[in-house]
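Raw contents of upload.cif, mmCIF, C-alpha atoms:
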data_input
#
loop_
_atom_site.label_atom_id
_atom_site.label_comp_id
_atom_site.auth_asym_id
_atom_site.auth_seq_id
_atom_site.Cartn_x
_atom_site.Cartn_y
_atom_site.Cartn_z
CA MET A 23 11.61 22.23 -1.23
CA THR A 24 13.65 20.88 -4.09
CA VAL A 25 13.68 17.17 -4.78
CA THR A 26 16.72 15.85 -6.64
CA VAL A 27 16.47 12.82 -8.86
CA LEU A 28 19.44 10.97 -10.36
CA GLY A 29 18.89 8.55 -13.20
CA ILE A 30 21.59 5.98 -13.93
CA SER A 31 21.34 4.21 -17.25
CA GLY A 32 23.06 0.83 -17.28
CA SER A 33 22.41 -0.12 -20.85
CA PRO A 34 25.30 -0.30 -23.31
CA HIS A 35 22.75 0.47 -26.03
CA ARG A 36 21.97 4.21 -26.18
CA HIS A 37 18.34 5.34 -26.39
CA GLY A 38 16.97 1.82 -26.44
CA ASN A 39 13.88 0.53 -24.65
CA THR A 40 15.23 0.77 -21.11
CA GLU A 41 16.74 4.25 -21.46
CA THR A 42 13.53 5.47 -23.11
CA LEU A 43 11.52 4.17 -20.16
CA LEU A 44 13.97 5.87 -17.78
CA ASP A 45 13.63 9.12 -19.75
CA SER A 46 9.88 8.97 -19.39
CA PHE A 47 10.18 8.59 -15.61
CA LEU A 48 12.68 11.47 -15.48
CA ASP A 49 10.37 13.66 -17.60
CA GLY A 50 7.57 12.95 -15.14
CA ALA A 51 9.83 13.85 -12.20
CA ARG A 52 10.92 17.07 -13.96
CA SER A 53 7.32 18.03 -14.66
CA ALA A 54 6.64 17.70 -10.94
CA GLY A 55 9.41 20.22 -10.20
CA ALA A 56 12.36 17.96 -9.42
CA VAL A 57 15.94 18.75 -10.37
CA VAL A 58 16.84 15.86 -12.61
CA GLU A 59 20.17 14.50 -13.77
CA LYS A 60 20.99 11.47 -15.88
CA VAL A 61 24.24 9.53 -15.98
CA VAL A 62 24.98 6.98 -18.68
CA LEU A 63 27.35 4.30 -17.42
CA LYS A 64 28.58 3.66 -20.94
CA ASP A 65 30.19 7.12 -20.92
CA LEU A 66 32.06 6.50 -17.67
CA ASP A 67 35.36 4.79 -17.12
CA TYR A 68 35.42 2.31 -14.24
CA SER A 69 36.80 -1.14 -13.70
CA ALA A 70 35.31 -4.19 -12.01
CA CYS A 71 35.64 -4.57 -8.22
CA ARG A 72 38.89 -6.44 -7.65
CA GLY A 73 37.65 -8.26 -4.57
CA CYS A 74 40.77 -7.10 -2.74
CA ASN A 75 38.80 -6.31 0.44
CA ALA A 76 41.02 -3.27 1.11
CA CYS A 77 37.82 -1.36 1.87
CA HIS A 78 37.17 -3.71 4.76
CA LYS A 79 40.03 -1.98 6.59
CA ASP A 80 39.07 1.67 6.28
CA GLY A 81 35.91 1.85 4.19
CA GLU A 82 37.77 3.36 1.23
CA CYS A 83 38.08 1.92 -2.28
CA ILE A 84 41.64 1.89 -3.54
CA VAL A 85 40.62 2.00 -7.20
CA LYS A 86 40.46 5.59 -8.40
CA ASP A 87 38.15 5.98 -11.36
CA ASP A 88 34.63 7.19 -12.18
CA ALA A 89 32.77 4.69 -9.97
CA ILE A 90 33.29 6.17 -6.51
CA PRO A 91 32.37 9.78 -7.49
CA LEU A 92 29.13 8.39 -8.95
CA PHE A 93 28.29 6.70 -5.64
CA GLU A 94 28.87 10.07 -3.99
CA ARG A 95 26.54 11.81 -6.45
CA MET A 96 23.99 9.09 -5.93
CA MET A 97 24.06 9.49 -2.17
CA ALA A 98 23.54 13.24 -2.51
CA ALA A 99 20.25 12.69 -4.39
CA ASP A 100 16.81 12.22 -2.86
CA CYS A 101 15.79 9.66 -5.43
CA VAL A 102 17.91 7.35 -7.54
CA VAL A 103 16.50 5.56 -10.55
CA VAL A 104 18.66 2.76 -11.87
CA ALA A 105 17.90 1.32 -15.27
CA SER A 106 19.16 -1.80 -16.99
CA PRO A 107 17.77 -4.11 -19.62
CA ILE A 108 17.76 -7.82 -18.85
CA TYR A 109 20.57 -9.66 -20.59
CA SER A 110 20.80 -13.41 -20.00
CA MET A 111 18.26 -13.32 -17.17
CA GLY A 112 20.13 -10.65 -15.20
CA ILE A 113 21.17 -7.00 -15.21
CA THR A 114 23.86 -5.99 -17.69
CA ALA A 115 27.51 -6.61 -16.89
CA GLN A 116 27.94 -2.83 -17.10
CA LEU A 117 25.48 -2.14 -14.27
CA LYS A 118 26.68 -5.15 -12.28
CA GLY A 119 30.21 -3.79 -12.63
CA PHE A 120 29.08 -0.52 -11.04
CA ILE A 121 27.03 -2.17 -8.27
CA ASP A 122 29.94 -4.44 -7.31
CA ARG A 123 32.06 -1.34 -6.72
CA GLY A 124 29.66 -0.38 -3.93
CA GLN A 125 31.43 -2.88 -1.69
CA PHE A 126 33.10 0.04 0.14
CA LEU A 127 29.66 1.17 1.33
CA TRP A 128 28.85 -2.32 2.58
CA ALA A 129 32.20 -2.31 4.36
CA ARG A 130 31.39 1.04 5.98
CA ARG A 131 28.03 -0.28 7.16
CA PHE A 132 29.01 -3.73 8.38
CA VAL A 133 32.79 -3.89 8.86
CA THR A 134 34.10 -0.48 9.91
CA LYS A 135 30.60 0.52 11.11
CA THR A 136 31.13 4.12 10.08
CA LEU A 137 27.98 4.45 7.97
CA GLU A 138 24.48 4.29 9.32
CA PHE A 139 21.16 5.56 8.01
CA SER A 140 18.32 6.64 10.26
CA PRO A 141 14.80 5.35 9.54
CA GLU A 142 13.87 8.93 8.53
CA HIS A 143 16.75 9.07 6.06
CA LEU A 144 15.72 5.75 4.54
CA ALA A 145 12.09 6.85 4.33
CA ARG A 146 12.83 10.01 2.35
CA HIS A 147 15.44 8.50 0.03
CA LYS A 148 13.85 6.33 -2.61
CA GLY A 149 15.44 3.88 -5.02
CA ILE A 150 13.67 2.65 -8.12
CA PHE A 151 14.67 0.03 -10.65
CA ILE A 152 13.64 0.35 -14.28
CA SER A 153 13.99 -2.50 -16.70
CA THR A 154 12.82 -4.02 -19.92
CA ALA A 155 13.24 -7.52 -21.28
CA GLY A 156 12.72 -9.07 -24.67
CA GLN A 157 11.30 -12.25 -23.18
CA ASN A 158 7.70 -12.55 -22.08
CA ARG A 159 8.37 -14.67 -18.99
CA ASP A 160 7.06 -13.12 -15.77
CA ASN A 161 10.14 -14.20 -13.80
CA VAL A 162 12.61 -12.59 -16.22
CA PHE A 163 13.33 -9.74 -13.77
CA ASP A 164 13.69 -11.88 -10.63
CA GLY A 165 17.46 -12.33 -10.91
CA ALA A 166 17.94 -8.56 -11.03
CA TYR A 167 16.19 -7.54 -7.81
CA PRO A 168 18.64 -8.88 -5.18
CA SER A 169 21.59 -6.86 -6.53
CA LEU A 170 19.44 -3.72 -6.69
CA THR A 171 18.39 -4.38 -3.09
CA ALA A 172 22.06 -4.54 -2.13
CA LEU A 173 22.83 -1.29 -3.97
CA PHE A 174 19.93 0.69 -2.54
CA HIS A 175 20.35 -0.51 1.02
CA ASP A 176 24.10 0.08 1.13
CA ALA A 177 23.67 3.61 -0.27
CA GLY A 178 20.83 4.54 2.10
CA PHE A 179 17.78 4.28 -0.12
CA GLU A 180 14.49 2.56 0.52
CA TYR A 181 13.85 0.16 -2.37
CA TYR A 182 10.63 1.85 -3.39
CA GLY A 183 9.71 -0.29 -6.36
CA ASN A 184 10.23 -1.43 -9.90
CA ILE A 185 9.04 -0.17 -13.25
CA VAL A 186 9.44 -3.10 -15.58
CA ALA A 187 8.11 -4.09 -18.97
CA ASN A 188 8.72 -7.49 -20.52
CA ASN A 189 7.87 -8.94 -23.93
CA MET A 190 9.66 -6.15 -25.83
CA ASP A 191 10.37 -8.53 -28.72
CA GLU A 192 6.66 -8.97 -29.35
CA HIS A 193 5.71 -5.34 -28.74
CA LYS A 194 8.47 -4.32 -31.16
CA GLY A 195 9.86 -1.86 -28.66
CA ILE A 196 8.78 0.21 -25.68
CA LYS A 197 7.15 2.90 -27.83
CA ASN A 198 4.52 0.36 -28.90
CA HIS A 199 3.84 -0.82 -25.35
CA PRO A 200 0.28 0.19 -24.45
CA THR A 201 0.97 1.59 -20.96
CA ALA A 202 4.64 1.48 -19.90
CA LEU A 203 5.80 4.98 -20.89
CA ALA A 204 2.74 6.76 -19.49
CA ASP A 205 2.99 4.71 -16.28
CA ALA A 206 6.66 5.60 -15.85
CA PHE A 207 5.91 9.30 -16.40
CA ARG A 208 3.15 9.21 -13.77
CA LYS A 209 5.37 7.34 -11.31
CA GLY A 210 8.02 10.02 -11.80
CA GLN A 211 5.48 12.64 -10.80
CA THR A 212 4.12 10.64 -7.87
CA ILE A 213 7.45 9.93 -6.28
CA VAL A 214 8.57 13.55 -6.37
CA ALA A 215 5.35 14.59 -4.62
CA GLU A 216 5.83 11.86 -2.05
CA ILE A 217 9.45 12.78 -1.28
CA GLU A 218 8.51 16.46 -1.10
CA LYS A 219 5.86 15.62 1.50
CA LEU A 220 8.27 13.51 3.55
CA LYS A 221 10.93 16.22 3.50
CA THR A 222 8.39 18.79 4.65
CA GLN A 223 7.16 16.50 7.43
CA GLN A 224 10.72 15.87 8.55
CA GLY A 225 11.56 19.57 8.34
CA ILE A 226 14.36 19.01 5.83
CA MET B 13 39.12 -40.58 -26.85
CA THR B 14 40.07 -37.13 -25.63
CA ILE B 15 37.70 -35.38 -23.27
CA LYS B 16 37.99 -31.64 -23.69
CA VAL B 17 37.41 -29.51 -20.62
CA LEU B 18 37.20 -25.73 -20.88
CA ALA B 19 37.13 -23.74 -17.66
CA PHE B 20 36.49 -20.07 -17.06
CA ALA B 21 37.66 -18.56 -13.79
CA GLY B 22 35.29 -15.61 -13.46
CA SER B 23 36.62 -13.89 -10.36
CA PRO B 24 38.45 -10.56 -10.53
CA ARG B 25 40.61 -11.89 -7.67
CA ARG B 26 43.08 -14.50 -8.87
CA HIS B 27 43.46 -17.75 -6.91
CA GLY B 28 40.72 -16.86 -4.45
CA ASN B 29 37.94 -19.08 -3.15
CA SER B 30 35.92 -19.68 -6.30
CA GLU B 31 39.07 -20.31 -8.36
CA MET B 32 40.38 -22.73 -5.71
CA LEU B 33 37.13 -24.64 -6.06
CA LEU B 34 37.60 -24.70 -9.82
CA ASP B 35 41.23 -25.83 -9.51
CA TRP B 36 40.23 -28.75 -7.30
CA VAL B 37 37.68 -29.90 -9.87
CA LEU B 38 40.17 -29.48 -12.72
CA ALA B 39 42.96 -31.34 -10.90
CA SER B 40 40.58 -34.19 -10.17
CA MET B 41 39.51 -34.33 -13.83
CA ALA B 42 43.09 -34.10 -15.09
CA GLU B 43 44.07 -37.27 -13.24
CA ASP B 44 42.35 -39.08 -16.08
CA PRO B 45 44.91 -39.41 -18.92
CA GLU B 46 42.25 -38.87 -21.57
CA VAL B 47 41.25 -35.47 -20.22
CA SER B 48 42.69 -32.28 -21.67
CA VAL B 49 42.08 -29.18 -19.60
CA GLU B 50 42.20 -25.54 -20.61
CA LYS B 51 41.61 -22.86 -18.06
CA ALA B 52 41.00 -19.20 -18.85
CA ALA B 53 41.04 -16.50 -16.18
CA LEU B 54 38.63 -13.78 -17.22
CA THR B 55 40.98 -11.17 -15.76
CA GLU B 56 43.31 -12.00 -18.66
CA ALA B 57 40.87 -13.14 -21.34
CA ASN B 58 40.11 -9.69 -22.79
CA ILE B 59 36.36 -10.24 -23.07
CA ASN B 60 34.45 -6.98 -23.47
CA ILE B 61 30.86 -6.48 -22.44
CA CYS B 62 28.01 -7.09 -24.90
CA ARG B 63 27.03 -3.80 -26.53
CA GLY B 64 23.44 -4.85 -27.09
CA CYS B 65 23.71 -3.87 -30.75
CA ASN B 66 21.92 -7.02 -31.94
CA ALA B 67 24.19 -7.19 -35.00
CA CYS B 68 24.71 -10.90 -34.26
CA GLU B 69 21.05 -11.45 -35.14
CA LYS B 70 21.95 -10.64 -38.72
CA LEU B 71 25.67 -11.40 -39.02
CA ASN B 72 25.74 -14.66 -37.02
CA LYS B 73 28.88 -13.29 -35.37
CA CYS B 74 29.84 -10.58 -32.96
CA ILE B 75 31.13 -7.30 -34.33
CA GLN B 76 33.64 -6.99 -31.47
CA ARG B 77 37.15 -8.34 -32.04
CA ASP B 78 38.51 -9.46 -28.70
CA GLY B 79 39.16 -12.57 -26.61
CA MET B 80 35.83 -14.06 -27.64
CA ASP B 81 37.34 -14.65 -31.10
CA ILE B 82 39.40 -17.37 -29.42
CA TYR B 83 36.84 -18.71 -26.98
CA HIS B 84 33.92 -18.86 -29.41
CA ASP B 85 35.28 -21.98 -31.13
CA LYS B 86 36.62 -23.47 -27.91
CA ILE B 87 33.14 -23.20 -26.36
CA ILE B 88 31.71 -25.16 -29.28
CA ASP B 89 34.47 -27.79 -29.18
CA ALA B 90 34.50 -28.53 -25.43
CA ASP B 91 32.79 -31.56 -23.91
CA ILE B 92 32.71 -30.01 -20.45
CA ILE B 93 32.48 -26.30 -19.68
CA LEU B 94 33.09 -25.07 -16.16
CA LEU B 95 32.41 -21.58 -14.86
CA SER B 96 33.58 -20.33 -11.49
CA ALA B 97 32.67 -17.00 -9.93
CA PRO B 98 32.14 -15.35 -6.59
CA ILE B 99 28.89 -13.73 -5.58
CA TYR B 100 29.22 -9.97 -5.22
CA CYS B 101 26.24 -7.89 -4.09
CA MET B 102 23.91 -10.88 -4.28
CA GLY B 103 24.68 -11.59 -7.93
CA ILE B 104 27.39 -13.14 -10.07
CA ALA B 105 30.55 -10.98 -10.20
CA ALA B 106 30.60 -8.55 -13.14
CA PRO B 107 33.43 -10.19 -15.16
CA ALA B 108 31.53 -13.50 -15.22
CA LYS B 109 28.33 -11.69 -16.18
CA ALA B 110 30.23 -10.06 -19.04
CA LEU B 111 31.17 -13.51 -20.37
CA ILE B 112 27.58 -14.72 -19.99
CA ASP B 113 26.20 -11.69 -21.83
CA ARG B 114 28.58 -12.32 -24.73
CA MET B 115 26.87 -15.67 -25.31
CA GLN B 116 24.27 -13.58 -27.13
CA VAL B 117 25.85 -14.61 -30.43
CA PHE B 118 24.87 -18.23 -29.69
CA ARG B 119 21.38 -17.19 -28.65
CA SER B 120 20.96 -15.31 -31.94
CA ARG B 121 22.26 -18.30 -33.85
CA LYS B 122 19.87 -20.65 -32.07
CA TYR B 123 16.69 -18.62 -31.83
CA VAL B 124 16.85 -15.91 -34.49
CA LEU B 125 18.83 -17.48 -37.32
CA ARG B 126 17.69 -21.01 -36.41
CA LEU B 127 21.11 -22.50 -37.01
CA PRO B 128 22.76 -25.24 -34.96
CA VAL B 129 25.17 -24.20 -32.19
CA ILE B 130 26.76 -27.65 -32.03
CA PRO B 131 26.43 -30.51 -34.53
CA PRO B 132 23.20 -32.44 -33.86
CA GLU B 133 25.11 -35.66 -33.04
CA ARG B 134 26.74 -33.93 -30.03
CA LYS B 135 23.44 -32.96 -28.39
CA GLY B 136 23.22 -34.30 -24.87
CA LYS B 137 26.95 -35.01 -24.92
CA ARG B 138 28.07 -31.88 -23.13
CA LEU B 139 28.15 -31.13 -19.42
CA GLY B 140 28.52 -27.96 -17.40
CA ALA B 141 29.23 -27.02 -13.82
CA PHE B 142 28.97 -23.76 -11.90
CA LEU B 143 31.38 -23.35 -9.01
CA ALA B 144 30.68 -20.42 -6.75
CA SER B 145 31.70 -18.91 -3.47
CA ALA B 146 30.03 -16.24 -1.38
CA GLY B 147 31.02 -14.33 1.73
CA GLN B 148 27.47 -14.18 3.10
CA ASP B 149 26.19 -17.13 5.06
CA TRP B 150 22.63 -16.84 3.72
CA PRO B 151 21.57 -20.04 1.94
CA HIS B 152 19.75 -17.98 -0.74
CA VAL B 153 22.86 -15.95 -1.64
CA PHE B 154 23.30 -17.89 -4.92
CA ASP B 155 19.68 -17.71 -6.07
CA ALA B 156 19.94 -14.65 -8.31
CA ALA B 157 23.03 -15.95 -10.11
CA ILE B 158 21.47 -19.24 -11.16
CA PRO B 159 19.08 -17.97 -13.87
CA SER B 160 22.01 -16.29 -15.67
CA VAL B 161 24.12 -19.43 -15.30
CA LYS B 162 21.32 -21.52 -16.79
CA CYS B 163 21.04 -19.02 -19.61
CA PHE B 164 24.79 -19.28 -20.27
CA TYR B 165 24.62 -23.04 -20.62
CA HIS B 166 21.28 -23.14 -22.40
CA VAL B 167 22.39 -21.08 -25.39
CA ILE B 168 25.54 -23.18 -25.82
CA ASP B 169 23.47 -26.37 -25.82
CA ILE B 170 24.14 -27.70 -22.35
CA ARG B 171 20.83 -28.73 -20.85
CA ASP B 172 19.61 -27.66 -17.39
CA ALA B 173 19.73 -31.29 -16.27
CA ASP B 174 23.37 -31.48 -17.35
CA ILE B 175 24.56 -28.58 -15.18
CA SER B 176 26.10 -29.42 -11.80
CA TYR B 177 26.41 -26.87 -9.03
CA LEU B 178 28.94 -26.62 -6.24
CA MET B 179 28.31 -23.43 -4.32
CA ILE B 180 29.99 -22.66 -1.01
CA ASN B 181 28.76 -19.78 1.15
CA HIS B 182 30.32 -18.10 4.19
CA VAL B 183 33.84 -17.93 2.73
CA ASP B 184 35.10 -14.39 2.26
CA GLU B 185 38.80 -13.88 2.96
CA LYS B 186 41.13 -15.20 0.30
CA GLY B 187 41.79 -18.89 0.87
CA ALA B 188 39.01 -19.31 3.46
CA ILE B 189 37.57 -22.16 1.41
CA GLY B 190 40.73 -24.14 2.19
CA THR B 191 39.46 -24.86 5.69
CA HIS B 192 35.86 -25.55 4.67
CA PRO B 193 34.86 -29.01 5.94
CA THR B 194 33.50 -30.42 2.67
CA ALA B 195 34.34 -28.11 -0.26
CA GLN B 196 37.54 -29.77 -1.46
CA ALA B 197 36.25 -33.33 -1.16
CA ASP B 198 33.04 -32.35 -2.96
CA ALA B 199 35.02 -30.66 -5.73
CA VAL B 200 37.24 -33.71 -6.23
CA GLN B 201 34.18 -35.96 -6.30
CA LEU B 202 32.42 -33.67 -8.77
CA GLY B 203 35.40 -33.88 -11.11
CA LYS B 204 35.35 -37.67 -11.02
CA THR B 205 31.58 -37.93 -11.44
CA MET B 206 31.53 -35.56 -14.41
CA ILE B 207 34.32 -37.40 -16.22
CA ALA B 208 32.59 -40.75 -15.67
CA GLU B 209 29.34 -39.31 -16.97
CA ILE B 210 30.79 -37.63 -20.05
CA ARG B 211 32.68 -40.80 -20.94
CA LYS B 212 29.38 -42.70 -20.85
CA ARG B 213 27.67 -40.06 -22.96
CA LEU B 214 30.45 -39.87 -25.54
CA ALA B 215 30.54 -43.65 -25.90
CA ALA B 216 26.79 -43.88 -26.43
#
Could you quickly redo this structure as structure tokens?
Amino acid sequence: MTVTVLGISGSPHRHGNTETLLDSFLDGARSAGAVVEKVVLKDLDYSACRGCNACHKDGECIVKDDAIPLFERMMAADCVVVASPIYSMGITAQLKGFIDRGQFLWARRFVTKTLEFSPEHLARHKGIFISTAGQNRDNVFDGAYPSLTALFHDAGFEYYGNIVANNMDEHKGIKNHPTALADAFRKGQTIVAEIEKLKTQQGI
Amino acid sequence: MTIKVLAFAGSPRRHGNSEMLLDWVLASMAEDPEVSVEKAALTEANINICRGCNACEKLNKCIQRDGMDIYHDKIIDADIILLSAPIYCMGIAAPAKALIDRMQVFRSRKYVLRLPVIPPERKGKRLGAFLASAGQDWPHVFDAAIPSVKCFYHVIDIRDADISYLMINHVDEKGAIGTHPTAQADAVQLGKTMIAEIRKRLAA
């Protein structure tokens, strides 16, 4: 029973704190036997959602670039792990740009009503948000969660949880954080085992 | 006395609901002969995303050469800065978030290099307003955008208490705000109130 995990890195800064934390999660998932892929949004070419609402007619996005194929890849995975640092109390413009393009999925669910996910589907598809922030405020991640909720729900994933680490400025980077990397690795292992169990139970 | 108003229209859709809201405020402000208004549509402003390189922490400027070269000085010079944007996927639309993230150069100036963003005598003499629209009818649809909006204004020395908000939910199709019972009147009033307030502040 193979579990597939797709990591999406939404940081414009390669191999920084957030991507390192994502890598640790993906390493954990790989060690538990998952087939793991990572996509770096910085390497893709996609534009912002134009707000044209054309997708409200037929559920299709009229903008042809790298965004829609990535949504398709995402929806083919059992687990999607989306990572973004916090910039200005929110997710990066790069990740927000991708999430906004998911409007066609929302349109399929609520306007054309051509997309529906069963409770079983939602249970075995897990979405996780990974983030780091320089600031030490506890609420620094709060502005990020609602957009991740929108993304996961529209693409058919249960919002399983968050792996977040704040106060990066003081720790001088994720590598000096006492627990974050090991925790992310363990969570990568745990989630693969959990999805494997669910798939077996559901006979998938 | 000239009152300088700088407005950013942050929607990828031109002349839609959030921009209509902005235009009402601007027209109301511009009725005052001492007001000079400049409006920038982010669809045409050529503002790239922040790369997270942190070079501004050392250089006191951004390494990217783009539209921000023009707006950097205008942001410092303005007495009133307006930002309009729609809510997409429960957060501020990506082009507006891109502008907000590029304020990092001011944050570095203020908190890393400990240099003034505006001359000390202009402190408390700047006002901001966030004008937003959302398709959803949930009252909490704007919540996740607000921390980033506060961050935007905070680093350019506009205090939380000096930010006004006019946020209209349940308007989705282009122009829907035109039939909203209170939006236009509230926008016109906001324009008047802000000009009266800034005139008082500038005279003090």
Next on the checklist: I'd like to see the residues matched by the PyMOL selection byres ((chain A) within 10 of (chain B)) on this file, and ideally I'd get them as a VMD selection string.
Outcome noted: chain A and resid 33 to 36 38 64 69 to 75 107 to 125 128 161 to 173 176
Next on the checklist: Can you measure CA of Leu63 in chain A to CA of Arg146 in chain A for me? One decimal in Å is fine.
Outcome noted: 25.2 Å
Write out as a PDB file with C-alpha atoms, in the coordinates of the input the residues lying within 8 Å of Phe207 in chain A, counting only C-alpha atoms and excluding same-chain residues fewer than 6 positions away.
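Writing the result to selection-v3.pdb gives the following:
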ATOM      1  CA  SER A  46       9.880   8.970 -19.390  1.00  0.00           C
ATOM      2  CA  PHE A  47      10.180   8.590 -15.610  1.00  0.00           C
ATOM      3  CA  LEU A  48      12.680  11.470 -15.480  1.00  0.00           C
ATOM      4  CA  ASP A  49      10.370  13.660 -17.600  1.00  0.00           C
ATOM      5  CA  GLY A  50       7.570  12.950 -15.140  1.00  0.00           C
ATOM      6  CA  ALA A  51       9.830  13.850 -12.200  1.00  0.00           C
TER       7      ALA A  51
END
Return as a CSV table (one decimal) with C-alpha atoms, in the frame of the given file the set of residues that the PyMOL selection byres ((chain B and resi 96) around 8) yields on the displayed structure.
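Generated output (selection_36.csv):
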chain,number,residue,atom,x,y,z
B,19,ALA,CA,37.1,-23.7,-17.7
B,20,PHE,CA,36.5,-20.1,-17.1
B,21,ALA,CA,37.7,-18.6,-13.8
B,22,GLY,CA,35.3,-15.6,-13.5
B,23,SER,CA,36.6,-13.9,-10.4
B,30,SER,CA,35.9,-19.7,-6.3
B,31,GLU,CA,39.1,-20.3,-8.4
B,33,LEU,CA,37.1,-24.6,-6.1
B,34,LEU,CA,37.6,-24.7,-9.8
B,94,LEU,CA,33.1,-25.1,-16.2
B,95,LEU,CA,32.4,-21.6,-14.9
B,97,ALA,CA,32.7,-17.0,-9.9
B,98,PRO,CA,32.1,-15.4,-6.6
B,142,PHE,CA,29.0,-23.8,-11.9
B,143,LEU,CA,31.4,-23.4,-9.0
B,144,ALA,CA,30.7,-20.4,-6.8
Item to check | Residue IDs satisfying the PyMOL selection byres ((chain B and resi 147) around 8), as a ChimeraX atom specification | outcome: /B:99,145-146,148-149,181-185
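Coordinates place CA of Lys86 in chain A at a distance of 20.8 Å from CA of Thr136 in chain A.
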Next on the checklist: For Leu139 in chain B, find every residue with an atom within 10 Å (counting only C-alpha atoms), except residues of its own chain fewer than 5 positions away, and show them as a VMD selection string.
Outcome noted: chain B and resid 17 90 to 94 165 169 to 176 206 to 207 209 to 210 213
Item to check | 12 Å contact set for Ala215 in chain A, only C-alpha atoms, chain neighbours under 5 positions out, as a list in words | outcome: Met23, Thr24, Val25, Thr26, Gly50, Ala51, Arg52, Ser53, Ala54, Gly55, Ala56, Asp100, Cys101, Arg146, Arg208, Lys209, Gly210, Leu220, Lys221 and Thr222 of chain A
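Minimum atom-to-atom distances from A:Phe139, A:Glu216, A:Leu66, A:Thr134 to Asp87 in chain A were compared using all atoms listed in the file, and the lowest value belongs to A:Leu66.
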Next on the checklist: Please compute the CA of Ala98 in chain A-CA of Lys148 in chain A distance, one decimal, in Å.
Outcome noted: 11.9 Å
Please determine an axis-aligned box that encloses all atoms of range 45-57 of chain A listed in the file, with 8 Å added on each side, and express its centre and edge lengths in Å to one decimal as AutoDock Vina command-line options.
--center_x 11.3 --center_y 14.4 --center_z -14.6 --size_x 25.3 --size_y 27.6 --size_z 26.3
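The residue that comes closest to Ser140 in chain A, out of A:Phe179, A:Glu59, A:Glu82, A:Ala99 and on the basis of all atoms listed in the file, is A:Phe179.
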Could range 120-132 of chain B be completed with N, CA and C atoms and written as an mmCIF file, in the frame of the given file, please?
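Dumped to rebuild-v6.cif:
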data_model
loop_
_atom_site.group_PDB
_atom_site.id
_atom_site.type_symbol
_atom_site.label_atom_id
_atom_site.label_comp_id
_atom_site.auth_asym_id
_atom_site.auth_seq_id
_atom_site.Cartn_x
_atom_site.Cartn_y
_atom_site.Cartn_z
ATOM 1 N N SER B 120 21.457 -15.778 -30.639
ATOM 2 C CA SER B 120 20.960 -15.310 -31.940
ATOM 3 C C SER B 120 21.013 -16.432 -32.965
ATOM 4 N N ARG B 121 22.107 -17.186 -32.916
ATOM 5 C CA ARG B 121 22.260 -18.300 -33.850
ATOM 6 C C ARG B 121 21.135 -19.316 -33.669
ATOM 7 N N LYS B 122 20.844 -19.605 -32.397
ATOM 8 C CA LYS B 122 19.870 -20.650 -32.070
ATOM 9 C C LYS B 122 18.436 -20.196 -32.323
ATOM 10 N N TYR B 123 18.100 -19.006 -31.847
ATOM 11 C CA TYR B 123 16.690 -18.620 -31.830
ATOM 12 C C TYR B 123 16.284 -17.613 -32.919
ATOM 13 N N VAL B 124 17.224 -16.882 -33.456
ATOM 14 C CA VAL B 124 16.850 -15.910 -34.490
ATOM 15 C C VAL B 124 17.172 -16.498 -35.860
ATOM 16 N N LEU B 125 18.408 -16.943 -36.019
ATOM 17 C CA LEU B 125 18.830 -17.480 -37.320
ATOM 18 C C LEU B 125 18.471 -18.957 -37.491
ATOM 19 N N ARG B 126 18.096 -19.598 -36.378
ATOM 20 C CA ARG B 126 17.690 -21.010 -36.410
ATOM 21 C C ARG B 126 18.757 -21.908 -37.015
ATOM 22 N N LEU B 127 19.983 -21.677 -36.574
ATOM 23 C CA LEU B 127 21.110 -22.500 -37.010
ATOM 24 C C LEU B 127 21.619 -23.311 -35.827
ATOM 25 N N PRO B 128 22.258 -24.449 -36.095
ATOM 26 C CA PRO B 128 22.760 -25.240 -34.960
ATOM 27 C C PRO B 128 23.953 -24.565 -34.276
ATOM 28 N N VAL B 129 24.026 -24.710 -32.954
ATOM 29 C CA VAL B 129 25.170 -24.200 -32.190
ATOM 30 C C VAL B 129 26.265 -25.269 -32.151
ATOM 31 N N ILE B 130 25.835 -26.511 -31.947
ATOM 32 C CA ILE B 130 26.760 -27.650 -32.030
ATOM 33 C C ILE B 130 26.165 -28.648 -33.029
ATOM 34 N N PRO B 131 26.986 -29.518 -33.600
ATOM 35 C CA PRO B 131 26.430 -30.510 -34.530
ATOM 36 C C PRO B 131 25.375 -31.361 -33.819
ATOM 37 N N PRO B 132 24.299 -31.722 -34.501
ATOM 38 C CA PRO B 132 23.200 -32.440 -33.860
ATOM 39 C C PRO B 132 23.657 -33.717 -33.136
#
